[in-house]
Amino acid sequence: MTAVLLLSLLSTASKQTGIEFPFFWHLSHSAEYMISGTREKIWLFVAVTYLFQGTSYSEELRRMKRTVDPEAFMGIKELIAYKGYPSEEYEVTTEDGYIITINRIPYGTQNRENTALRPAVFLQHGLLGDASNWVTNLPNNSLGFMLADAGFDVWMGNSRGSRWSRKHQNYSIDQDEFWAFSFDEIAKFDLPAAINFIVETTGQEKLYYIGYSQGTTVAFIAFSTMPELSQKVKLYFALAPVTAINYARSPATKLLYLPEKLLRGLLGKREFLPEIECLKRLIVPVCSHGAFARLCKNVFFSLGGCNLKNIDVNRINVYMAQTSSGTSVQNIVHWSQEARSGKFQAYDWGSSKKNMEKYQQATPPLYNVEKMTVQTAVWTGGQDLLADPKDADILLSQIKTLIYHKRIPKWAHLDFIWGLDAPLHAYSEIIDLMQKYP
C-alpha cells in the first residue's frame with residue numbers, strides 16, 4: 001500500500017469512528033512531499049513523527065496493539081515453526097551476485113516418521129509478495145502446510161529485493177545498482193539458482209513448480225528460454241497467470257499507464273513500496289480494530305478484485321502486516337512497458353545502444369510461451385482484475401503442453417493464496433495432479 005493509500009485509510013477511519021490519532025495531522029499535511037517526488041523525506045518524517053509521539057497515543061490505540069495476532073510481526077521461519085512445522089532457511093547466491101533466501105518445510109506434522117522420499121516442490125510468490133503468502137493462513141488453508149502434510153518437501157522462494165532477499169556480493173540496498181532489475185532477472189537468475197540448489201540439496205533430478213501471479217510470469221520466461229532448466233521441472237502449476245495486462249482493470253494498473261519519465265520521477269530509481277516497520281506497527285493495530293477491519297479489508301483487497309466473503313476477516317491484520325514485501329522501481333517500470341506495449345517482452349533499457357549491449361539487438365526480445373515444453377496446469381479467476389480472463393484466454397492458447405485448466409467464476413486475484421475455499425477449488429487438485437504425475 002502506498003503512503004497516499006494509508007493516509008486515505010486513516011482519514012476515512014477517523015471520520016467514521018471518531019477516534020483521533022495525534023500524528024494524523026502531520027501525515028496528511030506531509031502528503032505534498034510524496035506528490036513532489038521526495039519520497040525519502042516523507043518516509044523519514046513519518047517514522048520520526050511516529051516515534052516521537054509514541055508515548056502520546058490514546059489508550060484506544062494501545063488497546064488495539066494488544067489485540068494484534070502475534071503472527072502479524074513474525075518472520076517466515078517463525079510463522080512456520082509457530083504452527084508446529086519444521087522450519088529451515090537457506091541463502092543462495094545467484095549468478096549475478098544476489099543472495100536470495102529460500103524457506104523450507106521438509107515434512108508435515110502428520111508424517112514425521114515416514115522415511116520415504118518426499119518429492120520436492122518449489123513455490124514462487126507474486127509481485128510485492130514473499131514466501132509468507134504460502135503459510136499465512138491456518139494449516140488446513142495454506143498451500144505450503146497442505147503440501148507438507150501430503151508428503152512433499154516444500155521449498156518457497158523470496159525474490160531479490162523483497163524484505164528477505166536484500167543482499168548482494170558487491171552492492172548494498174543504498175546503491176542504485178542493487179535495484180537495477182526487473183522480473184527479467186528474477187526469471188534468468190533467481191529461478192535457476194533456486195531450482196538448481198533444491199535439486200542438488202535433495203538429490204532429486206526434478207521438482208514440481210507452483211507459481212502465483214508474477215511467479216508465473218518468471219516461470220513462463222525461464223521455462224521457454226532455458227530448456228535445460230525446464231527439464232528439471234515435472235509439472236508447472238500456474239495460479240492467476242500473468243504475461244500480459246492488456247485487459248487488467250485493477251485500480252493499481254492505472255499507475256502503469258503514466259509516461260515512463262513521469263513514473264520514474266514519482267517513484268525514483270530504487271525500491272518500490274518497501275516495508276516500513278514503524279508504519280506497519282501503526283497500521284496493523286488499527287486494522288485489527290472492529291471499527292476499522294471492514295474498511296481495511298475493502299481498501300486492501302480492492303486492488304486485485306473483491307471477493308470479500310471468501311477472506312478470513314480475523315486474519316486481516318496478518319495479511320496487512322505481511323504485505324508488501326517490496327520490489328524495485330525498475331520492475332514496476334517493466335510492468336508499465338508491458339501495459340503500454342501490450343507485448344510480453346524483455347525490459348527496454350531506453351536506447352538502441354543499451355538494448356544492443358543487453359540483447360544483441362536494438363529492441364527488447366519478445367518472449368514466446370509456445371516454446372515452453374513443461375506440462376502445465378492453470379487456474380484462473382473469473383473476477384480477477386489483474387490476471388483478467390481475457391488476457392488469460394490469450395495465454396492459454398499459447399501453452400502447447402496444457403494438461404489442465406480450471407476457471408473459478410467468483411475468484412479474484414487474492415483468492416489464490418488466501419481464499420477460504422482455495423483448498424477445495426485448487427490446492428486439493430494440485431496435490432491430486434502431483435500424485436498422478438510422480
# chains A, B, ... in the order shown; residues from 1 in each chain; ligands from 1
call {"tool": "select_by_dssp", "arguments": {"residues": "region 90-311 of chain A", "states": "strand (DSSP E or B)", "output": "short mmCIF file (atom, residue, chain, number, x, y, z; two decimals) with all heavy atoms, in the first residue's frame"}}
result
data_model
loop_
_atom_site.label_atom_id
_atom_site.label_comp_id
_atom_site.auth_asym_id
_atom_site.auth_seq_id
_atom_site.Cartn_x
_atom_site.Cartn_y
_atom_site.Cartn_z
N TYR A 90 17.57 -21.05 4.00
CA TYR A 90 18.84 -21.11 3.29
C TYR A 90 19.09 -19.80 2.53
O TYR A 90 18.14 -19.14 2.10
CB TYR A 90 18.85 -22.27 2.28
CG TYR A 90 18.62 -23.63 2.87
CD1 TYR A 90 17.32 -24.10 3.07
CD2 TYR A 90 19.68 -24.45 3.21
CE1 TYR A 90 17.08 -25.36 3.61
CE2 TYR A 90 19.46 -25.72 3.75
CZ TYR A 90 18.16 -26.16 3.95
OH TYR A 90 17.94 -27.41 4.49
N GLU A 91 20.35 -19.47 2.36
CA GLU A 91 20.73 -18.36 1.49
C GLU A 91 21.43 -18.92 0.26
O GLU A 91 22.35 -19.72 0.38
CB GLU A 91 21.64 -17.37 2.23
CG GLU A 91 20.91 -16.54 3.28
CD GLU A 91 21.77 -15.42 3.83
OE1 GLU A 91 23.02 -15.54 3.75
OE2 GLU A 91 21.21 -14.43 4.34
N VAL A 92 20.98 -18.47 -0.89
CA VAL A 92 21.51 -18.97 -2.16
C VAL A 92 21.99 -17.78 -2.99
O VAL A 92 21.30 -16.77 -3.10
CB VAL A 92 20.43 -19.74 -2.94
CG1 VAL A 92 20.97 -20.22 -4.29
CG2 VAL A 92 19.92 -20.92 -2.12
N THR A 93 23.18 -17.90 -3.56
CA THR A 93 23.74 -16.81 -4.36
C THR A 93 23.47 -17.05 -5.84
O THR A 93 23.75 -18.12 -6.37
CB THR A 93 25.25 -16.70 -4.13
OG1 THR A 93 25.51 -16.50 -2.74
CG2 THR A 93 25.84 -15.53 -4.92
N TYR A 98 23.31 -11.74 -6.41
CA TYR A 98 22.28 -11.52 -5.39
C TYR A 98 22.20 -12.72 -4.46
O TYR A 98 22.40 -13.87 -4.88
CB TYR A 98 20.91 -11.28 -6.05
CG TYR A 98 20.79 -9.91 -6.67
CD1 TYR A 98 21.33 -9.65 -7.93
CD2 TYR A 98 20.15 -8.87 -6.01
CE1 TYR A 98 21.24 -8.40 -8.51
CE2 TYR A 98 20.05 -7.60 -6.58
CZ TYR A 98 20.60 -7.38 -7.83
OH TYR A 98 20.51 -6.14 -8.40
N ILE A 99 21.93 -12.44 -3.21
CA ILE A 99 21.81 -13.51 -2.21
C ILE A 99 20.34 -13.59 -1.81
O ILE A 99 19.82 -12.69 -1.14
CB ILE A 99 22.70 -13.23 -1.00
CG1 ILE A 99 24.16 -13.11 -1.45
CG2 ILE A 99 22.54 -14.33 0.05
CD1 ILE A 99 25.10 -12.60 -0.36
N ILE A 100 19.68 -14.64 -2.26
CA ILE A 100 18.25 -14.78 -2.01
C ILE A 100 18.00 -15.83 -0.92
O ILE A 100 18.78 -16.76 -0.74
CB ILE A 100 17.49 -15.17 -3.30
CG1 ILE A 100 18.02 -16.49 -3.86
CG2 ILE A 100 17.60 -14.06 -4.34
CD1 ILE A 100 17.23 -17.01 -5.06
N THR A 101 16.93 -15.64 -0.19
CA THR A 101 16.56 -16.55 0.89
C THR A 101 15.49 -17.52 0.42
O THR A 101 14.54 -17.13 -0.26
CB THR A 101 16.04 -15.77 2.10
OG1 THR A 101 17.07 -14.92 2.59
CG2 THR A 101 15.59 -16.70 3.21
N ILE A 102 15.66 -18.79 0.77
CA ILE A 102 14.67 -19.81 0.46
C ILE A 102 14.23 -20.46 1.77
O ILE A 102 15.06 -20.84 2.60
CB ILE A 102 15.24 -20.89 -0.48
CG1 ILE A 102 15.73 -20.26 -1.78
CG2 ILE A 102 14.20 -21.96 -0.76
CD1 ILE A 102 16.36 -21.26 -2.74
N ASN A 103 12.92 -20.56 1.96
CA ASN A 103 12.37 -21.21 3.14
C ASN A 103 11.93 -22.64 2.80
O ASN A 103 11.52 -22.91 1.67
CB ASN A 103 11.19 -20.43 3.68
CG ASN A 103 11.60 -19.09 4.26
OD1 ASN A 103 11.58 -18.07 3.56
ND2 ASN A 103 12.01 -19.07 5.51
N ARG A 104 12.02 -23.49 3.81
CA ARG A 104 11.72 -24.91 3.57
C ARG A 104 10.89 -25.51 4.71
O ARG A 104 11.13 -25.24 5.88
CB ARG A 104 13.02 -25.69 3.44
CG ARG A 104 12.85 -27.18 3.13
CD ARG A 104 14.19 -27.91 3.22
NE ARG A 104 14.11 -29.28 2.71
CZ ARG A 104 15.12 -30.16 2.78
NH1 ARG A 104 16.28 -29.79 3.34
NH2 ARG A 104 14.98 -31.37 2.31
N ILE A 105 9.89 -26.31 4.32
CA ILE A 105 9.16 -27.17 5.26
C ILE A 105 9.45 -28.60 4.80
O ILE A 105 8.81 -29.09 3.87
CB ILE A 105 7.65 -26.90 5.25
CG1 ILE A 105 7.35 -25.40 5.35
CG2 ILE A 105 6.96 -27.66 6.38
CD1 ILE A 105 5.87 -25.06 5.20
N ALA A 120 10.12 -33.02 -4.05
CA ALA A 120 10.34 -31.60 -3.81
C ALA A 120 9.38 -30.76 -4.65
O ALA A 120 9.10 -31.08 -5.81
CB ALA A 120 11.78 -31.22 -4.13
N VAL A 121 8.88 -29.69 -4.05
CA VAL A 121 8.02 -28.73 -4.75
C VAL A 121 8.49 -27.33 -4.40
O VAL A 121 8.78 -27.03 -3.24
CB VAL A 121 6.53 -28.94 -4.39
CG1 VAL A 121 6.31 -28.93 -2.89
CG2 VAL A 121 5.66 -27.89 -5.07
N PHE A 122 8.58 -26.48 -5.42
CA PHE A 122 9.05 -25.11 -5.23
C PHE A 122 7.91 -24.15 -5.52
O PHE A 122 7.27 -24.21 -6.57
CB PHE A 122 10.23 -24.83 -6.15
CG PHE A 122 10.77 -23.42 -6.04
CD1 PHE A 122 11.25 -22.94 -4.84
CD2 PHE A 122 10.82 -22.59 -7.15
CE1 PHE A 122 11.76 -21.65 -4.72
CE2 PHE A 122 11.32 -21.30 -7.05
CZ PHE A 122 11.79 -20.83 -5.83
N LEU A 123 7.66 -23.23 -4.58
CA LEU A 123 6.59 -22.25 -4.71
C LEU A 123 7.19 -20.85 -4.86
O LEU A 123 8.05 -20.46 -4.06
CB LEU A 123 5.67 -22.28 -3.50
CG LEU A 123 4.82 -23.54 -3.29
CD1 LEU A 123 5.63 -24.65 -2.64
CD2 LEU A 123 3.61 -23.23 -2.40
N GLN A 124 6.71 -20.10 -5.85
CA GLN A 124 7.23 -18.75 -6.10
C GLN A 124 6.09 -17.74 -6.05
O GLN A 124 5.10 -17.86 -6.76
CB GLN A 124 7.92 -18.69 -7.46
CG GLN A 124 8.55 -17.34 -7.78
CD GLN A 124 9.67 -16.94 -6.82
OE1 GLN A 124 10.37 -17.80 -6.31
NE2 GLN A 124 9.83 -15.65 -6.58
N ASP A 153 8.21 -32.29 0.09
CA ASP A 153 9.29 -31.47 0.64
C ASP A 153 9.11 -30.08 0.05
O ASP A 153 9.35 -29.86 -1.14
CB ASP A 153 10.63 -32.08 0.22
CG ASP A 153 11.83 -31.35 0.81
OD1 ASP A 153 11.63 -30.35 1.52
OD2 ASP A 153 12.97 -31.78 0.52
N VAL A 154 8.69 -29.13 0.87
CA VAL A 154 8.21 -27.84 0.38
C VAL A 154 9.29 -26.76 0.48
O VAL A 154 9.83 -26.50 1.56
CB VAL A 154 6.96 -27.39 1.17
CG1 VAL A 154 6.43 -26.06 0.63
CG2 VAL A 154 5.88 -28.47 1.10
N TRP A 155 9.59 -26.13 -0.65
CA TRP A 155 10.55 -25.04 -0.72
C TRP A 155 9.83 -23.79 -1.25
O TRP A 155 9.03 -23.88 -2.17
CB TRP A 155 11.69 -25.40 -1.66
CG TRP A 155 12.47 -26.62 -1.25
CD1 TRP A 155 12.07 -27.92 -1.34
CD2 TRP A 155 13.78 -26.64 -0.68
NE1 TRP A 155 13.06 -28.77 -0.87
CE2 TRP A 155 14.12 -28.00 -0.46
CE3 TRP A 155 14.71 -25.66 -0.35
CZ2 TRP A 155 15.33 -28.40 0.08
CZ3 TRP A 155 15.94 -26.05 0.18
CH2 TRP A 155 16.24 -27.40 0.40
N MET A 156 10.15 -22.62 -0.67
CA MET A 156 9.46 -21.39 -1.03
C MET A 156 10.47 -20.27 -1.26
O MET A 156 11.30 -19.99 -0.41
CB MET A 156 8.47 -21.00 0.09
CG MET A 156 7.38 -22.05 0.31
SD MET A 156 6.41 -21.76 1.82
CE MET A 156 7.64 -22.18 3.08
N GLY A 157 10.37 -19.64 -2.42
CA GLY A 157 11.33 -18.60 -2.79
C GLY A 157 10.95 -17.22 -2.29
O GLY A 157 9.80 -16.94 -1.96
N LYS A 167 20.41 -8.76 -0.09
CA LYS A 167 21.86 -8.81 -0.01
C LYS A 167 22.45 -9.04 -1.40
O LYS A 167 21.83 -9.65 -2.26
CB LYS A 167 22.32 -9.94 0.92
CG LYS A 167 21.89 -9.79 2.36
CD LYS A 167 22.40 -10.98 3.18
CE LYS A 167 21.93 -10.93 4.62
NZ LYS A 167 22.40 -12.14 5.38
N HIS A 168 23.67 -8.55 -1.57
CA HIS A 168 24.40 -8.73 -2.82
C HIS A 168 25.88 -8.82 -2.50
O HIS A 168 26.36 -8.25 -1.51
CB HIS A 168 24.13 -7.55 -3.77
CG HIS A 168 24.60 -7.77 -5.17
ND1 HIS A 168 25.93 -7.61 -5.56
CD2 HIS A 168 23.92 -8.12 -6.29
CE1 HIS A 168 26.03 -7.87 -6.85
NE2 HIS A 168 24.83 -8.18 -7.32
N LEU A 207 11.67 -31.42 -9.86
CA LEU A 207 10.76 -30.96 -8.82
C LEU A 207 9.48 -30.44 -9.46
O LEU A 207 9.38 -30.29 -10.67
CB LEU A 207 11.42 -29.86 -7.97
CG LEU A 207 12.12 -28.67 -8.66
CD1 LEU A 207 11.12 -27.74 -9.33
CD2 LEU A 207 12.93 -27.87 -7.63
N TYR A 208 8.48 -30.18 -8.63
CA TYR A 208 7.25 -29.53 -9.07
C TYR A 208 7.40 -28.03 -8.85
O TYR A 208 8.03 -27.59 -7.88
CB TYR A 208 6.04 -30.04 -8.28
CG TYR A 208 5.77 -31.51 -8.44
CD1 TYR A 208 6.17 -32.42 -7.46
CD2 TYR A 208 5.09 -31.99 -9.56
CE1 TYR A 208 5.90 -33.78 -7.59
CE2 TYR A 208 4.82 -33.34 -9.71
CZ TYR A 208 5.24 -34.23 -8.72
OH TYR A 208 4.98 -35.57 -8.86
N TYR A 209 6.81 -27.24 -9.74
CA TYR A 209 6.89 -25.79 -9.62
C TYR A 209 5.47 -25.22 -9.54
O TYR A 209 4.61 -25.53 -10.37
CB TYR A 209 7.61 -25.17 -10.81
CG TYR A 209 7.74 -23.65 -10.74
CD1 TYR A 209 8.90 -23.05 -10.23
CD2 TYR A 209 6.70 -22.82 -11.16
CE1 TYR A 209 9.01 -21.67 -10.16
CE2 TYR A 209 6.80 -21.44 -11.08
CZ TYR A 209 7.94 -20.87 -10.59
OH TYR A 209 8.05 -19.50 -10.51
N ILE A 210 5.24 -24.37 -8.52
CA ILE A 210 3.97 -23.67 -8.38
C ILE A 210 4.25 -22.18 -8.35
O ILE A 210 5.02 -21.69 -7.52
CB ILE A 210 3.23 -24.08 -7.08
CG1 ILE A 210 2.97 -25.59 -7.07
CG2 ILE A 210 1.92 -23.31 -6.94
CD1 ILE A 210 2.36 -26.09 -5.77
N GLY A 211 3.66 -21.45 -9.28
CA GLY A 211 3.84 -20.01 -9.33
C GLY A 211 2.52 -19.30 -9.19
O GLY A 211 1.47 -19.80 -9.64
N TYR A 212 2.57 -18.13 -8.57
CA TYR A 212 1.38 -17.30 -8.41
C TYR A 212 1.66 -15.92 -8.99
O TYR A 212 2.68 -15.30 -8.68
CB TYR A 212 1.00 -17.19 -6.93
CG TYR A 212 0.04 -16.07 -6.60
CD1 TYR A 212 -1.26 -16.07 -7.09
CD2 TYR A 212 0.45 -15.00 -5.81
CE1 TYR A 212 -2.13 -15.03 -6.80
CE2 TYR A 212 -0.42 -13.96 -5.49
CZ TYR A 212 -1.71 -13.98 -6.00
OH TYR A 212 -2.57 -12.95 -5.71
N VAL A 233 11.85 -29.73 -14.21
CA VAL A 233 10.51 -29.49 -13.67
C VAL A 233 9.56 -30.59 -14.16
O VAL A 233 9.40 -30.80 -15.36
CB VAL A 233 9.98 -28.11 -14.12
CG1 VAL A 233 8.58 -27.88 -13.58
CG2 VAL A 233 10.93 -27.01 -13.64
N LYS A 234 8.95 -31.29 -13.20
CA LYS A 234 8.00 -32.35 -13.56
C LYS A 234 6.70 -31.76 -14.10
O LYS A 234 6.23 -32.13 -15.17
CB LYS A 234 7.67 -33.19 -12.32
CG LYS A 234 8.81 -33.95 -11.72
CD LYS A 234 8.34 -34.71 -10.48
CE LYS A 234 9.48 -35.43 -9.79
NZ LYS A 234 9.01 -36.13 -8.55
N LEU A 235 6.11 -30.86 -13.31
CA LEU A 235 4.87 -30.20 -13.67
C LEU A 235 4.94 -28.75 -13.22
O LEU A 235 5.56 -28.44 -12.19
CB LEU A 235 3.66 -30.86 -12.99
CG LEU A 235 3.10 -32.16 -13.54
CD1 LEU A 235 1.92 -32.60 -12.68
CD2 LEU A 235 2.67 -32.00 -14.99
N TYR A 236 4.30 -27.89 -13.98
CA TYR A 236 4.23 -26.47 -13.66
C TYR A 236 2.77 -26.11 -13.38
O TYR A 236 1.91 -26.30 -14.24
CB TYR A 236 4.81 -25.67 -14.83
CG TYR A 236 4.52 -24.19 -14.85
CD1 TYR A 236 4.34 -23.45 -13.68
CD2 TYR A 236 4.44 -23.51 -16.07
CE1 TYR A 236 4.09 -22.09 -13.72
CE2 TYR A 236 4.20 -22.15 -16.13
CZ TYR A 236 4.00 -21.45 -14.95
OH TYR A 236 3.74 -20.11 -14.98
N PHE A 237 2.51 -25.60 -12.18
CA PHE A 237 1.17 -25.20 -11.77
C PHE A 237 1.12 -23.67 -11.74
O PHE A 237 1.85 -23.03 -10.97
CB PHE A 237 0.83 -25.76 -10.39
CG PHE A 237 0.91 -27.27 -10.33
CD1 PHE A 237 2.08 -27.90 -9.97
CD2 PHE A 237 -0.20 -28.05 -10.63
CE1 PHE A 237 2.17 -29.29 -9.91
CE2 PHE A 237 -0.13 -29.43 -10.58
CZ PHE A 237 1.06 -30.06 -10.22
N ALA A 238 0.26 -23.09 -12.57
CA ALA A 238 0.18 -21.64 -12.71
C ALA A 238 -1.11 -21.13 -12.09
O ALA A 238 -2.21 -21.44 -12.57
CB ALA A 238 0.26 -21.24 -14.18
N LEU A 239 -0.99 -20.34 -11.02
CA LEU A 239 -2.14 -19.76 -10.33
C LEU A 239 -2.23 -18.28 -10.68
O LEU A 239 -1.27 -17.53 -10.48
CB LEU A 239 -1.99 -19.92 -8.81
CG LEU A 239 -1.76 -21.35 -8.29
CD1 LEU A 239 -1.59 -21.33 -6.77
CD2 LEU A 239 -2.90 -22.26 -8.69
N GLU A 271 13.85 1.44 -4.62
CA GLU A 271 12.86 0.49 -4.11
C GLU A 271 11.43 1.00 -4.25
O GLU A 271 11.16 2.19 -4.07
CB GLU A 271 13.16 0.20 -2.63
CG GLU A 271 12.36 -0.94 -2.05
CD GLU A 271 12.89 -1.37 -0.69
OE1 GLU A 271 13.77 -0.66 -0.14
OE2 GLU A 271 12.44 -2.40 -0.18
N PHE A 272 10.52 0.10 -4.56
CA PHE A 272 9.10 0.42 -4.64
C PHE A 272 8.37 -0.27 -3.49
O PHE A 272 8.50 -1.49 -3.29
CB PHE A 272 8.53 -0.06 -5.97
CG PHE A 272 7.05 0.19 -6.12
CD1 PHE A 272 6.58 1.47 -6.41
CD2 PHE A 272 6.14 -0.84 -5.97
CE1 PHE A 272 5.22 1.70 -6.53
CE2 PHE A 272 4.78 -0.60 -6.09
CZ PHE A 272 4.33 0.66 -6.38
#
call {"tool": "closest_atom_pairs", "arguments": {"of": "region 307-345 of chain A", "to": "region 179-200 of chain A", "cutoff": "9 Å", "atoms": "only C-alpha atoms", "output": "Markdown table"}}
result
| residue | atom | partner | partner_atom | distance |
| --- | --- | --- | --- | --- |
| A:Thr327 | CA | A:Trp179 | CA | 8.3 |
| A:Ser328 | CA | A:Trp179 | CA | 5.4 |
| A:Val329 | CA | A:Trp179 | CA | 7.4 |
| A:Gln330 | CA | A:Ser182 | CA | 5.6 |
| A:Asn331 | CA | A:Ser182 | CA | 3.8 |
| A:Ile332 | CA | A:Ser182 | CA | 7.6 |
| A:Val333 | CA | A:Ser182 | CA | 8.2 |
| A:His334 | CA | A:Ser182 | CA | 6.5 |
| A:Trp335 | CA | A:Ser182 | CA | 8.7 |
call {"tool": "write_last_selection", "arguments": {"atoms": "all heavy atoms", "output": "PDB file, in the first residue's frame"}}
result
ATOM      1  N   THR A 327       9.724  -4.340  -3.944  1.00  0.00           N
ATOM      2  CA  THR A 327      10.408  -4.749  -5.168  1.00  0.00           C
ATOM      3  C   THR A 327      11.161  -3.531  -5.693  1.00  0.00           C
ATOM      4  O   THR A 327      11.235  -2.503  -5.016  1.00  0.00           O
ATOM      5  CB  THR A 327       9.417  -5.294  -6.219  1.00  0.00           C
ATOM      6  OG1 THR A 327      10.147  -5.852  -7.319  1.00  0.00           O
ATOM      7  CG2 THR A 327       8.496  -4.196  -6.732  1.00  0.00           C
ATOM      8  N   SER A 328      11.704  -3.626  -6.903  1.00  0.00           N
ATOM      9  CA  SER A 328      12.428  -2.492  -7.467  1.00  0.00           C
ATOM     10  C   SER A 328      11.496  -1.616  -8.296  1.00  0.00           C
ATOM     11  O   SER A 328      10.497  -2.090  -8.851  1.00  0.00           O
ATOM     12  CB  SER A 328      13.570  -2.984  -8.359  1.00  0.00           C
ATOM     13  OG  SER A 328      13.045  -3.600  -9.529  1.00  0.00           O
ATOM     14  N   VAL A 329      11.833  -0.342  -8.383  1.00  0.00           N
ATOM     15  CA  VAL A 329      11.100   0.561  -9.272  1.00  0.00           C
ATOM     16  C   VAL A 329      11.240   0.081 -10.718  1.00  0.00           C
ATOM     17  O   VAL A 329      10.293   0.160 -11.498  1.00  0.00           O
ATOM     18  CB  VAL A 329      11.610   2.000  -9.115  1.00  0.00           C
ATOM     19  CG1 VAL A 329      11.064   2.897 -10.221  1.00  0.00           C
ATOM     20  CG2 VAL A 329      11.237   2.547  -7.744  1.00  0.00           C
ATOM     21  N   GLN A 330      12.402  -0.447 -11.059  1.00  0.00           N
ATOM     22  CA  GLN A 330      12.605  -0.930 -12.429  1.00  0.00           C
ATOM     23  C   GLN A 330      11.628  -2.049 -12.763  1.00  0.00           C
ATOM     24  O   GLN A 330      11.181  -2.169 -13.906  1.00  0.00           O
ATOM     25  CB  GLN A 330      14.050  -1.413 -12.617  1.00  0.00           C
ATOM     26  CG  GLN A 330      14.359  -1.864 -14.041  1.00  0.00           C
ATOM     27  CD  GLN A 330      15.838  -1.967 -14.311  1.00  0.00           C
ATOM     28  OE1 GLN A 330      16.594  -1.035 -14.054  1.00  0.00           O
ATOM     29  NE2 GLN A 330      16.275  -3.110 -14.827  1.00  0.00           N
ATOM     30  N   ASN A 331      11.300  -2.860 -11.785  1.00  0.00           N
ATOM     31  CA  ASN A 331      10.318  -3.920 -12.004  1.00  0.00           C
ATOM     32  C   ASN A 331       8.948  -3.329 -12.338  1.00  0.00           C
ATOM     33  O   ASN A 331       8.247  -3.793 -13.247  1.00  0.00           O
ATOM     34  CB  ASN A 331      10.216  -4.809 -10.764  1.00  0.00           C
ATOM     35  CG  ASN A 331       9.561  -6.147 -11.059  1.00  0.00           C
ATOM     36  OD1 ASN A 331       9.510  -6.599 -12.196  1.00  0.00           O
ATOM     37  ND2 ASN A 331       9.042  -6.781 -10.023  1.00  0.00           N
ATOM     38  N   ILE A 332       8.568  -2.266 -11.612  1.00  0.00           N
ATOM     39  CA  ILE A 332       7.294  -1.598 -11.882  1.00  0.00           C
ATOM     40  C   ILE A 332       7.326  -0.938 -13.266  1.00  0.00           C
ATOM     41  O   ILE A 332       6.349  -0.980 -14.015  1.00  0.00           O
ATOM     42  CB  ILE A 332       6.995  -0.551 -10.793  1.00  0.00           C
ATOM     43  CG1 ILE A 332       6.920  -1.221  -9.414  1.00  0.00           C
ATOM     44  CG2 ILE A 332       5.699   0.190 -11.103  1.00  0.00           C
ATOM     45  CD1 ILE A 332       5.880  -2.307  -9.303  1.00  0.00           C
ATOM     46  N   VAL A 333       8.462  -0.355 -13.609  1.00  0.00           N
ATOM     47  CA  VAL A 333       8.603   0.261 -14.939  1.00  0.00           C
ATOM     48  C   VAL A 333       8.478  -0.798 -16.031  1.00  0.00           C
ATOM     49  O   VAL A 333       7.871  -0.555 -17.082  1.00  0.00           O
ATOM     50  CB  VAL A 333       9.941   1.012 -15.055  1.00  0.00           C
ATOM     51  CG1 VAL A 333      10.193   1.454 -16.499  1.00  0.00           C
ATOM     52  CG2 VAL A 333       9.956   2.221 -14.120  1.00  0.00           C
ATOM     53  N   HIS A 334       9.029  -1.970 -15.785  1.00  0.00           N
ATOM     54  CA  HIS A 334       8.908  -3.054 -16.765  1.00  0.00           C
ATOM     55  C   HIS A 334       7.437  -3.426 -16.967  1.00  0.00           C
ATOM     56  O   HIS A 334       6.971  -3.602 -18.096  1.00  0.00           O
ATOM     57  CB  HIS A 334       9.708  -4.273 -16.311  1.00  0.00           C
ATOM     58  CG  HIS A 334       9.908  -5.294 -17.396  1.00  0.00           C
ATOM     59  ND1 HIS A 334      10.742  -6.381 -17.235  1.00  0.00           N
ATOM     60  CD2 HIS A 334       9.378  -5.413 -18.640  1.00  0.00           C
ATOM     61  CE1 HIS A 334      10.720  -7.112 -18.341  1.00  0.00           C
ATOM     62  NE2 HIS A 334       9.892  -6.548 -19.207  1.00  0.00           N
ATOM     63  N   TRP A 335       6.687  -3.515 -15.866  1.00  0.00           N
ATOM     64  CA  TRP A 335       5.259  -3.804 -15.996  1.00  0.00           C
ATOM     65  C   TRP A 335       4.542  -2.659 -16.722  1.00  0.00           C
ATOM     66  O   TRP A 335       3.588  -2.879 -17.465  1.00  0.00           O
ATOM     67  CB  TRP A 335       4.634  -4.059 -14.629  1.00  0.00           C
ATOM     68  CG  TRP A 335       4.855  -5.457 -14.136  1.00  0.00           C
ATOM     69  CD1 TRP A 335       5.599  -5.857 -13.065  1.00  0.00           C
ATOM     70  CD2 TRP A 335       4.330  -6.647 -14.723  1.00  0.00           C
ATOM     71  NE1 TRP A 335       5.579  -7.231 -12.948  1.00  0.00           N
ATOM     72  CE2 TRP A 335       4.805  -7.737 -13.955  1.00  0.00           C
ATOM     73  CE3 TRP A 335       3.520  -6.907 -15.833  1.00  0.00           C
ATOM     74  CZ2 TRP A 335       4.482  -9.063 -14.261  1.00  0.00           C
ATOM     75  CZ3 TRP A 335       3.196  -8.233 -16.138  1.00  0.00           C
ATOM     76  CH2 TRP A 335       3.673  -9.286 -15.357  1.00  0.00           C
TER      77      TRP A 335
END
call {"tool": "residues_around", "arguments": {"residues": "Tyr367 (chain A)", "least_positions_apart": "6", "cutoff": "12 Å", "atoms": "only C-alpha atoms", "output": "ChimeraX atom specification"}}
result
/A:184,187,217-226,243-244,338,343-347,395,398
call {"tool": "select_by_dssp", "arguments": {"residues": "region 303-437 of chain A", "states": "helix (DSSP H, G or I)", "output": "count of residues only"}}
result
68
call {"tool": "residues_around", "arguments": {"residues": "Gly381 (chain A)", "least_positions_apart": "6", "cutoff": "9 Å", "atoms": "only C-alpha atoms", "output": "PyMOL selection string"}}
result
chain A and resi 239-240+387-389+406-413+415-416
call {"tool": "atom_distance", "arguments": {"atom1": "CA of Pro86 (chain A)", "atom2": "CA of Ser213 (chain A)"}}
result
27.0 Å
